[in-house]
file run_23.txt (compact mmCIF, C-alpha atoms and all ligand atoms)
# COMPACT_ATOMS: atom_id res chain seq x y z
CA MET A 181 -136.70 97.66 -93.18
CA ASN A 182 -138.76 100.40 -91.59
CA ARG A 183 -137.37 103.83 -90.90
CA ALA A 184 -137.33 103.52 -87.14
CA LYS A 185 -135.35 100.28 -87.33
CA TYR A 186 -133.02 101.76 -89.88
CA GLU A 187 -132.29 104.73 -87.66
CA THR A 188 -131.80 102.49 -84.67
CA GLU A 189 -129.29 100.40 -86.59
CA ALA A 190 -127.36 103.39 -87.84
CA GLU A 191 -127.29 104.77 -84.32
CA LEU A 192 -126.26 101.46 -82.90
CA THR A 193 -123.42 101.13 -85.39
CA GLY A 194 -122.16 104.55 -84.31
CA LYS A 195 -122.37 103.65 -80.61
CA LEU A 196 -120.58 100.36 -81.14
CA VAL A 197 -117.75 101.92 -83.07
CA GLU A 198 -117.46 104.55 -80.36
CA ALA A 199 -117.41 101.87 -77.67
CA LEU A 200 -114.75 99.89 -79.53
CA ARG A 201 -112.66 103.01 -79.93
CA SER A 202 -112.93 104.31 -76.41
CA ARG A 203 -112.29 101.20 -74.33
CA GLY A 204 -108.95 99.56 -73.94
CA SER A 205 -105.70 100.58 -75.51
CA GLU A 206 -103.87 97.28 -75.52
CA ASN A 207 -103.30 95.67 -78.90
CA TYR A 208 -105.59 92.80 -79.74
CA THR A 209 -105.51 90.41 -82.68
CA PHE A 210 -108.81 88.70 -83.32
CA MET A 211 -109.06 85.88 -85.83
CA GLU A 212 -112.08 84.92 -87.87
CA VAL A 213 -112.25 81.38 -89.20
CA CYS A 214 -115.00 81.63 -91.78
CA GLY A 215 -114.84 82.64 -95.43
CA THR A 216 -118.22 84.33 -95.15
CA HIS A 217 -116.80 86.54 -92.39
CA THR A 218 -113.72 87.30 -94.48
CA VAL A 219 -115.91 88.63 -97.26
CA ALA A 220 -118.46 90.36 -94.99
CA ILE A 221 -115.70 92.18 -93.07
CA PHE A 222 -114.09 93.43 -96.27
CA ARG A 223 -117.33 94.30 -98.01
CA SER A 224 -118.64 96.33 -95.07
CA GLY A 225 -115.37 98.20 -94.62
CA ILE A 226 -115.31 97.36 -90.90
CA ARG A 227 -111.51 97.25 -90.82
CA SER A 228 -111.32 100.90 -91.78
CA ILE A 229 -113.43 102.07 -88.83
CA LEU A 230 -111.77 99.97 -86.14
CA PRO A 231 -109.37 101.58 -83.70
CA GLU A 232 -105.69 100.91 -84.37
CA ASN A 233 -105.32 98.58 -81.43
CA ILE A 234 -107.79 96.03 -82.85
CA ARG A 235 -106.61 93.90 -85.73
CA ILE A 236 -108.67 91.25 -87.51
CA ILE A 237 -106.90 88.41 -89.27
CA SER A 238 -108.33 85.55 -91.33
CA GLY A 239 -107.68 81.92 -90.49
CA PRO A 240 -108.37 78.61 -92.22
CA GLY A 241 -112.06 79.37 -92.83
CA CYS A 242 -112.38 78.76 -96.54
CA PRO A 243 -112.98 75.06 -97.30
CA VAL A 244 -111.72 75.38 -100.86
CA CYS A 245 -108.51 77.08 -99.71
CA VAL A 246 -107.59 74.45 -97.12
CA THR A 247 -108.07 71.53 -99.53
CA PRO A 248 -104.60 70.23 -100.43
CA MET A 249 -103.65 70.12 -104.08
CA ARG A 250 -103.45 66.34 -103.98
CA GLU A 251 -107.19 66.11 -103.31
CA ILE A 252 -107.91 68.30 -106.33
CA ASP A 253 -105.64 66.01 -108.37
CA ARG A 254 -107.59 62.96 -107.22
CA ALA A 255 -110.87 64.57 -108.30
CA ILE A 256 -109.36 65.40 -111.70
CA TYR A 257 -108.09 61.84 -112.05
CA LEU A 258 -111.61 60.48 -111.48
CA ALA A 259 -113.26 63.09 -113.70
CA LYS A 260 -111.12 61.90 -116.60
CA LYS A 261 -112.07 58.27 -116.14
CA GLN A 262 -114.24 56.63 -118.78
CA GLY A 263 -117.92 56.74 -117.87
CA VAL A 264 -117.45 59.01 -114.84
CA VAL A 265 -119.16 62.35 -114.28
CA LEU A 266 -117.65 64.37 -111.44
CA ALA A 267 -120.23 66.48 -109.64
CA THR A 268 -119.12 69.24 -107.28
CA PHE A 269 -119.75 72.80 -106.13
CA GLY A 270 -118.83 75.57 -108.58
CA ASP A 271 -116.18 76.98 -106.23
CA LEU A 272 -113.91 73.99 -106.91
CA MET A 273 -113.83 74.20 -110.69
CA ARG A 274 -111.00 76.68 -111.10
CA VAL A 275 -108.74 75.61 -108.22
CA PRO A 276 -105.33 74.73 -109.66
CA GLY A 277 -104.28 71.11 -109.40
CA SER A 278 -100.68 70.14 -110.04
CA GLU A 279 -101.24 70.03 -113.79
CA SER A 280 -104.56 71.70 -114.40
CA SER A 281 -107.80 72.73 -112.75
CA LEU A 282 -110.96 70.65 -113.09
CA LEU A 283 -112.25 73.11 -115.64
CA GLU A 284 -109.08 72.89 -117.72
CA ALA A 285 -109.19 69.10 -117.48
CA ARG A 286 -112.36 69.22 -119.54
CA ALA A 287 -110.19 69.60 -122.62
CA ASP A 288 -108.67 66.20 -121.76
CA GLY A 289 -112.08 64.57 -121.59
CA ALA A 290 -113.05 65.24 -117.95
CA ARG A 291 -116.82 65.27 -117.50
CA LEU A 292 -118.03 67.73 -114.88
CA ARG A 293 -121.29 68.86 -113.41
CA ILE A 294 -121.68 71.83 -111.10
CA VAL A 295 -124.26 71.21 -108.38
CA LEU A 296 -125.88 73.66 -105.99
CA SER A 297 -126.96 70.97 -103.55
CA PRO A 298 -125.56 67.51 -102.76
CA MET A 299 -129.05 66.22 -103.57
CA ASP A 300 -128.52 67.38 -107.18
CA ALA A 301 -125.71 64.81 -107.45
CA VAL A 302 -128.01 62.08 -106.11
CA GLU A 303 -130.72 63.01 -108.61
CA LEU A 304 -128.13 63.01 -111.38
CA ALA A 305 -127.15 59.43 -110.49
CA GLN A 306 -130.81 58.44 -110.52
CA GLN A 307 -131.34 59.95 -113.98
CA GLU A 308 -128.07 59.11 -115.71
CA THR A 309 -127.97 55.40 -115.01
CA SER A 310 -125.38 54.78 -117.72
CA SER A 311 -122.87 57.11 -116.01
CA THR A 312 -121.00 56.76 -112.76
CA ILE A 313 -121.50 59.86 -110.65
CA VAL A 314 -118.71 60.84 -108.26
CA PHE A 315 -119.63 63.63 -105.87
CA PHE A 316 -116.48 65.52 -104.82
CA ALA A 317 -117.72 66.49 -101.38
CA VAL A 318 -115.88 69.53 -100.03
CA GLY A 319 -117.03 71.45 -97.00
CA PHE A 320 -117.10 72.22 -93.29
CA GLU A 321 -119.81 71.19 -90.84
CA THR A 322 -122.45 73.50 -92.37
CA THR A 323 -122.22 71.58 -95.64
CA ILE A 324 -121.39 68.18 -94.13
CA ALA A 325 -124.85 67.82 -92.59
CA PRO A 326 -126.68 68.23 -95.95
CA ILE A 327 -124.10 65.91 -97.56
CA ALA A 328 -124.85 63.28 -94.91
CA VAL A 329 -128.56 63.48 -95.74
CA ALA A 330 -127.76 63.05 -99.45
CA VAL A 331 -125.58 59.99 -98.77
CA ARG A 332 -128.37 58.41 -96.73
CA GLU A 333 -130.80 59.14 -99.54
CA ALA A 334 -128.55 57.54 -102.17
CA TYR A 335 -128.26 54.49 -99.90
CA ARG A 336 -132.03 54.32 -99.44
CA ARG A 337 -132.55 54.50 -103.20
CA LYS A 338 -129.92 51.74 -103.68
CA LEU A 339 -128.13 53.74 -106.34
CA GLY A 340 -125.26 51.61 -107.62
CA ASN A 341 -123.70 54.43 -109.65
CA PHE A 342 -123.30 57.08 -106.92
CA PHE A 343 -119.95 57.56 -105.19
CA VAL A 344 -118.52 60.13 -102.81
CA LEU A 345 -114.97 61.49 -102.79
CA PRO A 346 -114.94 63.07 -99.32
CA SER A 347 -112.81 66.13 -98.63
CA LEU A 348 -114.62 67.17 -95.46
CA ARG A 349 -113.14 69.05 -92.54
CA ARG A 350 -114.14 70.09 -89.04
CA ILE A 351 -113.29 73.55 -87.72
CA PRO A 352 -112.58 72.92 -83.99
CA PRO A 353 -109.51 70.66 -84.54
CA ALA A 354 -108.02 73.29 -86.87
CA ILE A 355 -108.44 75.95 -84.18
CA GLU A 356 -106.74 73.66 -81.68
CA THR A 357 -103.80 73.17 -84.05
CA LEU A 358 -103.47 76.93 -84.53
CA LEU A 359 -103.43 77.54 -80.78
CA ALA A 360 -101.17 74.65 -79.84
CA GLY A 361 -98.64 74.87 -82.65
CA ARG A 362 -96.56 77.82 -81.68
CA GLU A 363 -96.47 81.03 -79.70
CA SER A 364 -99.97 82.05 -80.69
CA VAL A 365 -100.70 85.67 -81.51
CA ILE A 366 -104.45 85.19 -81.36
CA ASP A 367 -106.22 87.08 -78.55
CA GLY A 368 -109.72 86.00 -79.45
CA PHE A 369 -111.80 84.23 -82.06
CA ILE A 370 -114.72 85.51 -84.09
CA LEU A 371 -116.26 82.06 -84.41
CA PRO A 372 -118.19 81.03 -87.52
CA GLY A 373 -121.95 81.56 -87.44
CA HIS A 374 -123.14 78.85 -89.78
CA VAL A 375 -120.72 76.09 -88.77
CA SER A 376 -121.94 76.78 -85.24
CA VAL A 377 -125.60 76.52 -86.27
CA ILE A 378 -124.81 72.83 -86.75
CA ILE A 379 -122.26 72.06 -84.01
CA GLY A 380 -123.33 74.53 -81.31
CA THR A 381 -120.73 76.03 -78.98
CA GLU A 382 -119.77 73.05 -76.83
CA PRO A 383 -117.04 71.89 -79.28
CA TYR A 384 -115.27 75.26 -78.84
CA GLU A 385 -115.16 75.25 -75.08
CA PHE A 386 -111.61 73.86 -75.01
CA ILE A 387 -110.45 77.17 -76.54
CA SER A 388 -111.29 79.15 -73.43
CA ARG A 389 -110.73 76.30 -70.96
CA ASP A 390 -107.34 75.02 -72.18
CA PHE A 391 -105.91 78.05 -73.97
CA LYS A 392 -107.54 80.88 -72.01
CA VAL A 393 -108.63 82.54 -75.24
CA PRO A 394 -112.20 83.84 -75.60
CA GLY A 395 -114.42 83.36 -78.63
CA VAL A 396 -117.71 84.82 -79.81
CA VAL A 397 -119.95 83.04 -82.32
CA THR A 398 -120.88 85.87 -84.63
CA GLY A 399 -123.42 86.53 -87.38
CA PHE A 400 -122.74 88.12 -90.74
CA ASP A 401 -124.44 91.51 -90.83
CA PRO A 402 -122.08 94.43 -90.23
CA LEU A 403 -123.94 95.08 -86.97
CA ASP A 404 -123.53 91.44 -85.93
CA ILE A 405 -119.79 91.65 -86.56
CA LEU A 406 -119.39 94.92 -84.66
CA GLN A 407 -121.33 93.49 -81.76
CA GLY A 408 -119.24 90.29 -81.87
CA LEU A 409 -116.07 92.40 -81.73
CA TRP A 410 -117.48 94.41 -78.85
CA MET A 411 -118.30 91.22 -76.94
CA LEU A 412 -114.75 89.96 -77.54
CA LEU A 413 -113.26 93.26 -76.39
CA ARG A 414 -115.46 93.20 -73.29
CA LEU A 415 -114.20 89.70 -72.46
CA LYS A 416 -110.60 90.84 -72.93
CA LEU A 417 -111.10 93.90 -70.72
CA SER A 418 -112.63 91.87 -67.92
CA GLY A 419 -109.98 89.17 -68.30
CA GLU A 420 -112.57 86.45 -68.79
CA SER A 421 -112.13 83.58 -71.19
CA ARG A 422 -115.48 82.30 -72.31
CA ILE A 423 -117.27 81.27 -75.45
CA GLU A 424 -120.23 83.55 -76.01
CA ILE A 425 -122.89 83.69 -78.70
CA GLN A 426 -123.68 86.92 -80.49
CA TYR A 427 -125.61 85.16 -83.29
CA ARG A 428 -128.33 83.94 -80.96
CA ARG A 429 -131.14 84.01 -83.48
CA ALA A 430 -129.57 80.94 -85.10
CA VAL A 431 -127.06 79.36 -82.71
CA SER A 432 -127.50 77.44 -79.46
CA ARG A 433 -125.04 75.64 -77.22
CA GLU A 434 -126.22 72.22 -78.37
CA GLY A 435 -126.43 73.04 -82.11
CA ASN A 436 -128.75 71.30 -84.55
CA VAL A 437 -129.20 67.97 -82.81
CA LYS A 438 -130.89 66.31 -85.77
CA ALA A 439 -128.08 67.36 -88.11
CA LEU A 440 -125.43 66.11 -85.68
CA ARG A 441 -127.20 62.78 -85.44
CA VAL A 442 -127.32 62.31 -89.23
CA MET A 443 -123.65 63.30 -89.55
CA HIS A 444 -122.69 60.83 -86.86
CA ASP A 445 -124.70 58.09 -88.55
CA VAL A 446 -123.01 58.58 -91.94
CA PHE A 447 -119.45 59.66 -91.08
CA ARG A 448 -116.68 58.74 -88.66
CA PRO A 449 -113.71 60.95 -87.73
CA THR A 450 -110.48 60.43 -89.60
CA ASP A 451 -107.15 62.26 -89.88
CA SER A 452 -107.08 64.90 -92.55
CA HIS A 453 -104.51 67.09 -94.25
CA TRP A 454 -105.09 70.84 -94.40
CA ARG A 455 -103.25 73.19 -96.68
CA GLY A 456 -100.95 75.21 -94.48
CA LEU A 457 -101.70 73.30 -91.30
CA GLY A 458 -100.62 69.80 -92.29
CA LYS A 459 -102.13 66.63 -90.94
CA ILE A 460 -104.62 67.18 -88.11
CA PRO A 461 -105.84 64.15 -86.15
CA ALA A 462 -109.58 63.44 -86.38
CA SER A 463 -110.23 66.65 -88.30
CA GLY A 464 -111.72 64.94 -91.34
CA LEU A 465 -114.60 62.58 -91.94
CA ALA A 466 -114.86 59.23 -93.72
CA LEU A 467 -117.94 57.19 -94.57
CA ARG A 468 -118.89 54.61 -91.96
CA ASP A 469 -118.82 50.92 -92.91
CA LYS A 470 -122.53 50.85 -93.71
CA TYR A 471 -121.97 53.39 -96.49
CA SER A 472 -118.42 52.48 -97.51
CA SER A 473 -119.54 50.89 -100.79
CA MET A 474 -120.14 54.49 -101.93
CA ASP A 475 -116.57 55.55 -101.09
CA ALA A 476 -114.90 56.56 -104.36
CA ARG A 477 -111.43 55.90 -102.91
CA ARG A 478 -112.37 52.29 -102.25
CA HIS A 479 -114.19 51.71 -105.51
CA PHE A 480 -111.63 53.22 -107.85
CA ASP A 481 -107.98 52.47 -107.91
CA ILE A 482 -106.61 55.97 -107.40
CA PRO A 483 -102.81 56.05 -107.66
CA GLU A 484 -100.73 57.59 -104.86
CA MET A 485 -100.15 61.25 -105.63
CA PRO A 486 -97.53 63.55 -104.14
CA ASP A 487 -98.81 66.70 -102.47
CA LYS A 488 -97.42 69.58 -104.46
CA LYS A 489 -97.77 73.29 -103.83
CA PRO A 490 -98.00 76.06 -106.40
CA SER A 491 -94.55 77.62 -106.45
CA GLY A 492 -94.27 81.04 -104.87
CA CYS A 493 -97.73 80.80 -103.27
CA ILE A 494 -97.88 81.53 -99.53
CA CYS A 495 -101.53 80.54 -99.11
CA GLY A 496 -100.54 78.09 -96.39
CA GLN A 497 -99.08 80.84 -94.20
CA ILE A 498 -102.00 83.15 -94.91
CA LEU A 499 -104.42 80.45 -93.74
CA GLN A 500 -102.58 80.33 -90.42
CA GLY A 501 -102.81 84.08 -90.01
CA LEU A 502 -99.01 84.39 -90.20
CA LYS A 503 -98.93 86.48 -93.35
CA ILE A 504 -101.34 88.68 -95.26
CA PRO A 505 -101.91 88.42 -99.01
CA THR A 506 -100.03 91.61 -99.88
CA GLN A 507 -96.90 89.95 -98.49
CA CYS A 508 -97.03 87.45 -101.34
CA LYS A 509 -94.72 88.43 -104.21
CA LEU A 510 -97.25 87.17 -106.74
CA PHE A 511 -100.24 89.07 -105.34
CA GLY A 512 -101.84 91.27 -107.97
CA SER A 513 -99.11 90.69 -110.54
CA GLY A 514 -98.52 86.98 -111.13
CA CYS A 515 -101.71 86.05 -109.31
CA THR A 516 -105.11 87.65 -109.87
CA PRO A 517 -108.70 86.34 -109.77
CA GLU A 518 -108.54 85.99 -113.57
CA HIS A 519 -105.24 84.07 -113.45
CA PRO A 520 -105.09 82.56 -109.97
CA VAL A 521 -102.00 80.70 -108.77
CA GLY A 522 -103.32 79.48 -105.44
CA PRO A 523 -106.71 78.58 -103.99
CA CYS A 524 -106.84 81.68 -101.76
CA MET A 525 -107.19 83.72 -104.95
CA VAL A 526 -109.58 81.31 -106.70
CA SER A 527 -112.25 81.03 -104.06
CA SER A 528 -114.44 84.09 -103.72
CA GLU A 529 -114.04 83.59 -99.96
CA GLY A 530 -110.28 83.29 -100.03
CA SER A 531 -108.24 85.99 -98.30
CA CYS A 532 -106.27 86.86 -101.43
CA SER A 533 -109.40 87.25 -103.50
CA ALA A 534 -111.06 89.39 -100.80
CA PHE A 535 -107.94 91.57 -100.49
CA TYR A 536 -107.75 91.92 -104.23
CA ARG A 537 -111.37 92.94 -104.61
CA TYR A 538 -111.87 95.11 -101.53
CA ALA A 539 -108.64 96.12 -99.89
CA ILE A 540 -107.68 99.72 -99.82
CA ARG A 541 -103.94 100.18 -100.08
CA GLY A 542 -102.27 100.52 -96.72
CA GLU A 543 -105.43 99.59 -94.84
CA ALA A 544 -104.96 95.90 -95.20
CA THR A 545 -103.07 94.97 -92.06
CA MET B 70 -119.00 78.32 -98.76
CA CYS B 71 -120.95 78.14 -95.51
CA LEU B 72 -123.27 80.92 -96.55
CA GLY B 73 -126.80 80.50 -95.23
CA ILE B 74 -129.64 82.56 -96.66
CA PRO B 75 -132.70 83.36 -94.53
CA GLY B 76 -136.11 82.71 -96.07
CA LYS B 77 -139.72 82.33 -95.00
CA VAL B 78 -141.49 78.97 -95.12
CA VAL B 79 -144.57 79.38 -97.34
CA SER B 80 -145.81 75.80 -97.41
CA LEU B 81 -144.70 72.39 -96.18
CA ASP B 82 -144.93 69.01 -97.87
CA ARG B 83 -144.64 66.41 -95.09
CA LYS B 84 -144.61 63.52 -97.56
CA THR B 85 -141.41 64.59 -99.28
CA ASP B 86 -140.10 66.49 -96.24
CA THR B 87 -139.63 69.63 -98.32
CA ALA B 88 -140.90 73.20 -98.12
CA GLU B 89 -141.50 76.14 -100.41
CA VAL B 90 -139.29 78.91 -99.06
CA ASP B 91 -139.60 82.55 -100.08
CA PHE B 92 -136.36 84.51 -100.36
CA GLY B 93 -137.70 88.03 -100.77
CA GLY B 94 -139.93 87.14 -103.71
CA VAL B 95 -137.93 84.23 -105.17
CA LYS B 96 -139.35 80.85 -104.16
CA ARG B 97 -137.40 77.62 -103.94
CA THR B 98 -138.11 74.07 -102.83
CA VAL B 99 -135.91 73.21 -99.87
CA SER B 100 -135.30 69.98 -97.95
CA MET B 101 -136.58 70.14 -94.38
CA GLN B 102 -134.87 66.95 -93.21
CA LEU B 103 -132.51 68.84 -90.91
CA CYS B 104 -135.27 71.08 -89.49
CA PRO B 105 -138.09 68.76 -88.54
CA ASP B 106 -140.01 71.10 -86.23
CA THR B 107 -140.64 73.94 -88.63
CA LYS B 108 -144.06 75.44 -89.29
CA THR B 109 -145.47 77.56 -92.09
CA GLY B 110 -144.52 81.20 -91.50
CA ASP B 111 -141.25 80.36 -89.73
CA TYR B 112 -137.99 81.80 -90.95
CA VAL B 113 -135.23 79.33 -91.76
CA LEU B 114 -131.58 79.53 -92.76
CA VAL B 115 -131.00 77.71 -96.03
CA HIS B 116 -127.67 76.26 -97.17
CA VAL B 117 -127.07 74.10 -100.31
CA GLY B 118 -130.79 73.36 -100.68
CA PHE B 119 -131.36 72.44 -97.03
CA ALA B 120 -132.96 74.34 -94.18
CA ILE B 121 -130.29 74.08 -91.48
CA GLN B 122 -131.95 76.04 -88.67
CA LYS B 123 -135.10 77.82 -87.67
CA LEU B 124 -134.40 81.49 -86.93
CA GLU B 125 -135.57 83.07 -83.70
CA LYS B 126 -136.91 86.60 -83.97
CA GLU B 127 -135.03 88.11 -81.09
CA ASP B 128 -133.09 90.84 -82.87
CA ALA B 129 -134.94 93.53 -80.94
CA LEU B 130 -134.01 91.94 -77.65
CA ILE B 131 -130.35 91.77 -78.53
CA THR B 132 -130.42 95.43 -79.46
CA LEU B 133 -131.92 96.34 -76.13
CA GLU B 134 -129.33 94.34 -74.25
CA LEU B 135 -126.56 95.79 -76.29
CA PHE B 136 -127.54 99.37 -75.55
CA ARG B 137 -127.52 98.51 -71.90
CA GLU B 138 -124.07 96.97 -72.19
CA ILE B 139 -122.46 99.95 -73.80
CA GLY B 140 -124.09 102.14 -71.19
CA GLU B 141 -126.43 104.05 -73.42
CA LYS B 142 -130.08 104.75 -73.00
CA TYR B 143 -132.21 102.72 -75.35
CA VAL B 144 -135.32 104.22 -76.86
CA GLU B 145 -137.57 101.70 -78.51
CA PRO B 146 -138.38 102.64 -82.10
CA GLY B 147 -141.65 104.58 -82.25
CA LYS B 148 -141.75 105.26 -78.51
CA VAL B 149 -139.75 108.43 -78.23
S1 LIG C 601 -101.68 85.89 -104.04
FE1 LIG C 601 -101.94 83.98 -105.18
S2 LIG C 601 -99.95 83.01 -105.09
FE2 LIG C 601 -99.96 84.57 -103.50
S3 LIG C 601 -100.67 83.50 -101.66
FE3 LIG C 601 -102.48 84.35 -102.63
S4 LIG C 601 -103.22 82.68 -103.91
FE4 LIG C 601 -101.11 82.16 -103.39
call {"tool": "encode", "arguments": {"input": "run_23.txt", "output": "structure tokens"}}
result
Amino acid sequence: MNRAKYETEAELTGKLVEALRSRGSENYTFMEVCGTHTVAIFRSGIRSILPENIRIISGPGCPVCVTPMREIDRAIYLAKKQGVVLATFGDLMRVPGSESSLLEARADGARLRIVLSPMDAVELAQQETSSTIVFFAVGFETTIAPIAVAVREAYRRKLGNFFVLPSLRRIPPAIETLLAGRESVIDGFILPGHVSVIIGTEPYEFISRDFKVPGVVTGFDPLDILQGLWMLLRLKLSGESRIEIQYRRAVSREGNVKALRVMHDVFRPTDSHWRGLGKIPASGLALRDKYSSMDARRHFDIPEMPDKKPSGCICGQILQGLKIPTQCKLFGSGCTPEHPVGPCMVSSEGSCSAFYRYAIRGEAT
Amino acid sequence: MCLGIPGKVVSLDRKTDTAEVDFGGVKRTVSMQLCPDTKTGDYVLVHVGFAIQKLEKEDALITLELFREIGEKYVEPGKV
């Protein structure tokens, strides 16, 4: 970065903070719904420079955290099956299931492979023809589009040993549930940058139209976030409810049309359970008929499993923005990143983990 | 988990629909299937081995607009 730009950015940060501090005295609660925002906001220390009337809370923006325990248990069940290798993203390995995590299940014979890309799982199936590869597909729209491409590729290559255990979720229905469920305390949304790269802003328009709450699709640099907050505050001050885009270098109203087309070709909407939010209609995705032979839940006989919750863990309420991690009795004592009880502490993007690593005592409200 | 990393497209392989992308010195092969209209030299956002969007270089413009919004005079870098 050249010096002139650096100075401009520093100056701009100062001006933005000043603007946020000097306009409006009403209390506002803005929610972000993206794990990357959770971490970026903590890491940059933005909370500590905001005026007292602006509060940022985290919502259900971490895909690992919103995955119910039962879905982890299903993945563990398959990973222990003879001949199966379970491939998934590293973030899932340490999430507690009802009896163990995937990583701990290795001692009981579970075979695991961490992948960085869904295509790695497809390549694995191509190479290890004597194994059955199950890809435990967890993610929001950002990740769903690449997963859809990988599924199409496995289909094209006619791989008979590649299966998908989908645990995929869409952000807009979760926001709707948050707003509709109760007397909402949310005055505005910092909308996720990279989910929106794929879906655009049209799917959020109900937020401002039906609930009269504004939202700003925001990037991840500290300056992006400050500008996003400023745009939200400006909308509040003028009494307008709109969805605006701060992160314009990557996001458009229509999104990534090619990605949306591939997702639509491979997946159909289905009801899905979210930790903390319960069952949300059409918030998940299942493979369409054309690809259903790759559906691990059809191919394997997975027994019905109850949905348990780690005892004492209030992750579910944290994901709804109702509580903050320090209100959990286990936080920092019974539950730490080294010995996590719930997913919000396991995932590096979980609220509990972010609070644990970055929060300054007393500042974390 | 939705982290996207910006990188610069160094070369494209139309046959495999992949590209060499430079992330500040580290190069990786990335699938271009979700970003069909990308050219060499473009910046893309990469997530789980896929380019998910071409980045527009309009940061400077946003800055200018922003200064106007918060009612401050904007001086372009280098043109004091
Ligand atoms: S601190 Fe641990 S136990 Fe408490 S809510 Fe967070 S993840 Fe759950």
call {"tool": "residues_near_ligand", "arguments": {"input": "run_23.txt", "ligand": "ligand LIG 601 (chain C)", "cutoff": "8 Å", "atoms": "only C-alpha atoms and all ligand atoms", "output": "PyMOL selection string"}}
result
chain A and resi 490-496+498+505-512+514-516+520-526+531-533
call {"tool": "closest_atom_pairs", "arguments": {"input": "run_23.txt", "of": "chain A", "to": "chain B", "cutoff": "6 Å", "atoms": "only C-alpha atoms", "output": "tab-separated table"}}
result
residue	atom	partner	partner_atom	distance
A:Ala184	CA	B:Pro146	CA	5.2
A:Leu296	CA	B:Val117	CA	5.8
A:Ser297	CA	B:Val117	CA	4.5
A:Thr322	CA	B:Cys71	CA	5.8
A:Arg429	CA	B:Glu125	CA	4.5
A:Ala430	CA	B:Leu124	CA	5.2
A:Lys438	CA	B:Leu103	CA	6.0
A:Ala439	CA	B:Leu103	CA	5.4
call {"tool": "atom_distance", "arguments": {"input": "run_23.txt", "atom1": "CA of Phe222 in chain A", "atom2": "CA of Gly93 in chain B"}}
result
24.6 Å
call {"tool": "residues_around", "arguments": {"input": "run_23.txt", "residues": "Ser376 in chain A", "least_positions_apart": "6", "cutoff": "8 Å", "atoms": "all atoms listed in the file", "output": "PDB file with C-alpha atoms, keeping the file's coordinate frame"}}
result
ATOM      1  CA  THR A 322    -122.450  73.500 -92.370  1.00  0.00           C
ATOM      2  CA  VAL A 397    -119.950  83.040 -82.320  1.00  0.00           C
ATOM      3  CA  VAL A 431    -127.060  79.360 -82.710  1.00  0.00           C
ATOM      4  CA  GLY A 435    -126.430  73.040 -82.110  1.00  0.00           C
TER       5      GLY A 435
END
call {"tool": "atom_distance", "arguments": {"input": "run_23.txt", "atom1": "CA of Ala476 in chain A", "atom2": "CA of Gly340 in chain A"}}
result
11.9 Å
call {"tool": "atom_distance", "arguments": {"input": "run_23.txt", "atom1": "CA of Cys214 in chain A", "atom2": "CA of Thr323 in chain A"}}
result
13.0 Å
call {"tool": "residues_around", "arguments": {"input": "run_23.txt", "residues": "Thr109 in chain B", "least_positions_apart": "5", "cutoff": "6 Å", "atoms": "all atoms listed in the file", "output": "tab-separated table (two decimals) with C-alpha atoms, in the coordinates of the input"}}
result
chain	number	residue	atom	x	y	z
B	78	VAL	CA	-141.49	78.97	-95.12
B	79	VAL	CA	-144.57	79.38	-97.34
B	80	SER	CA	-145.81	75.80	-97.41
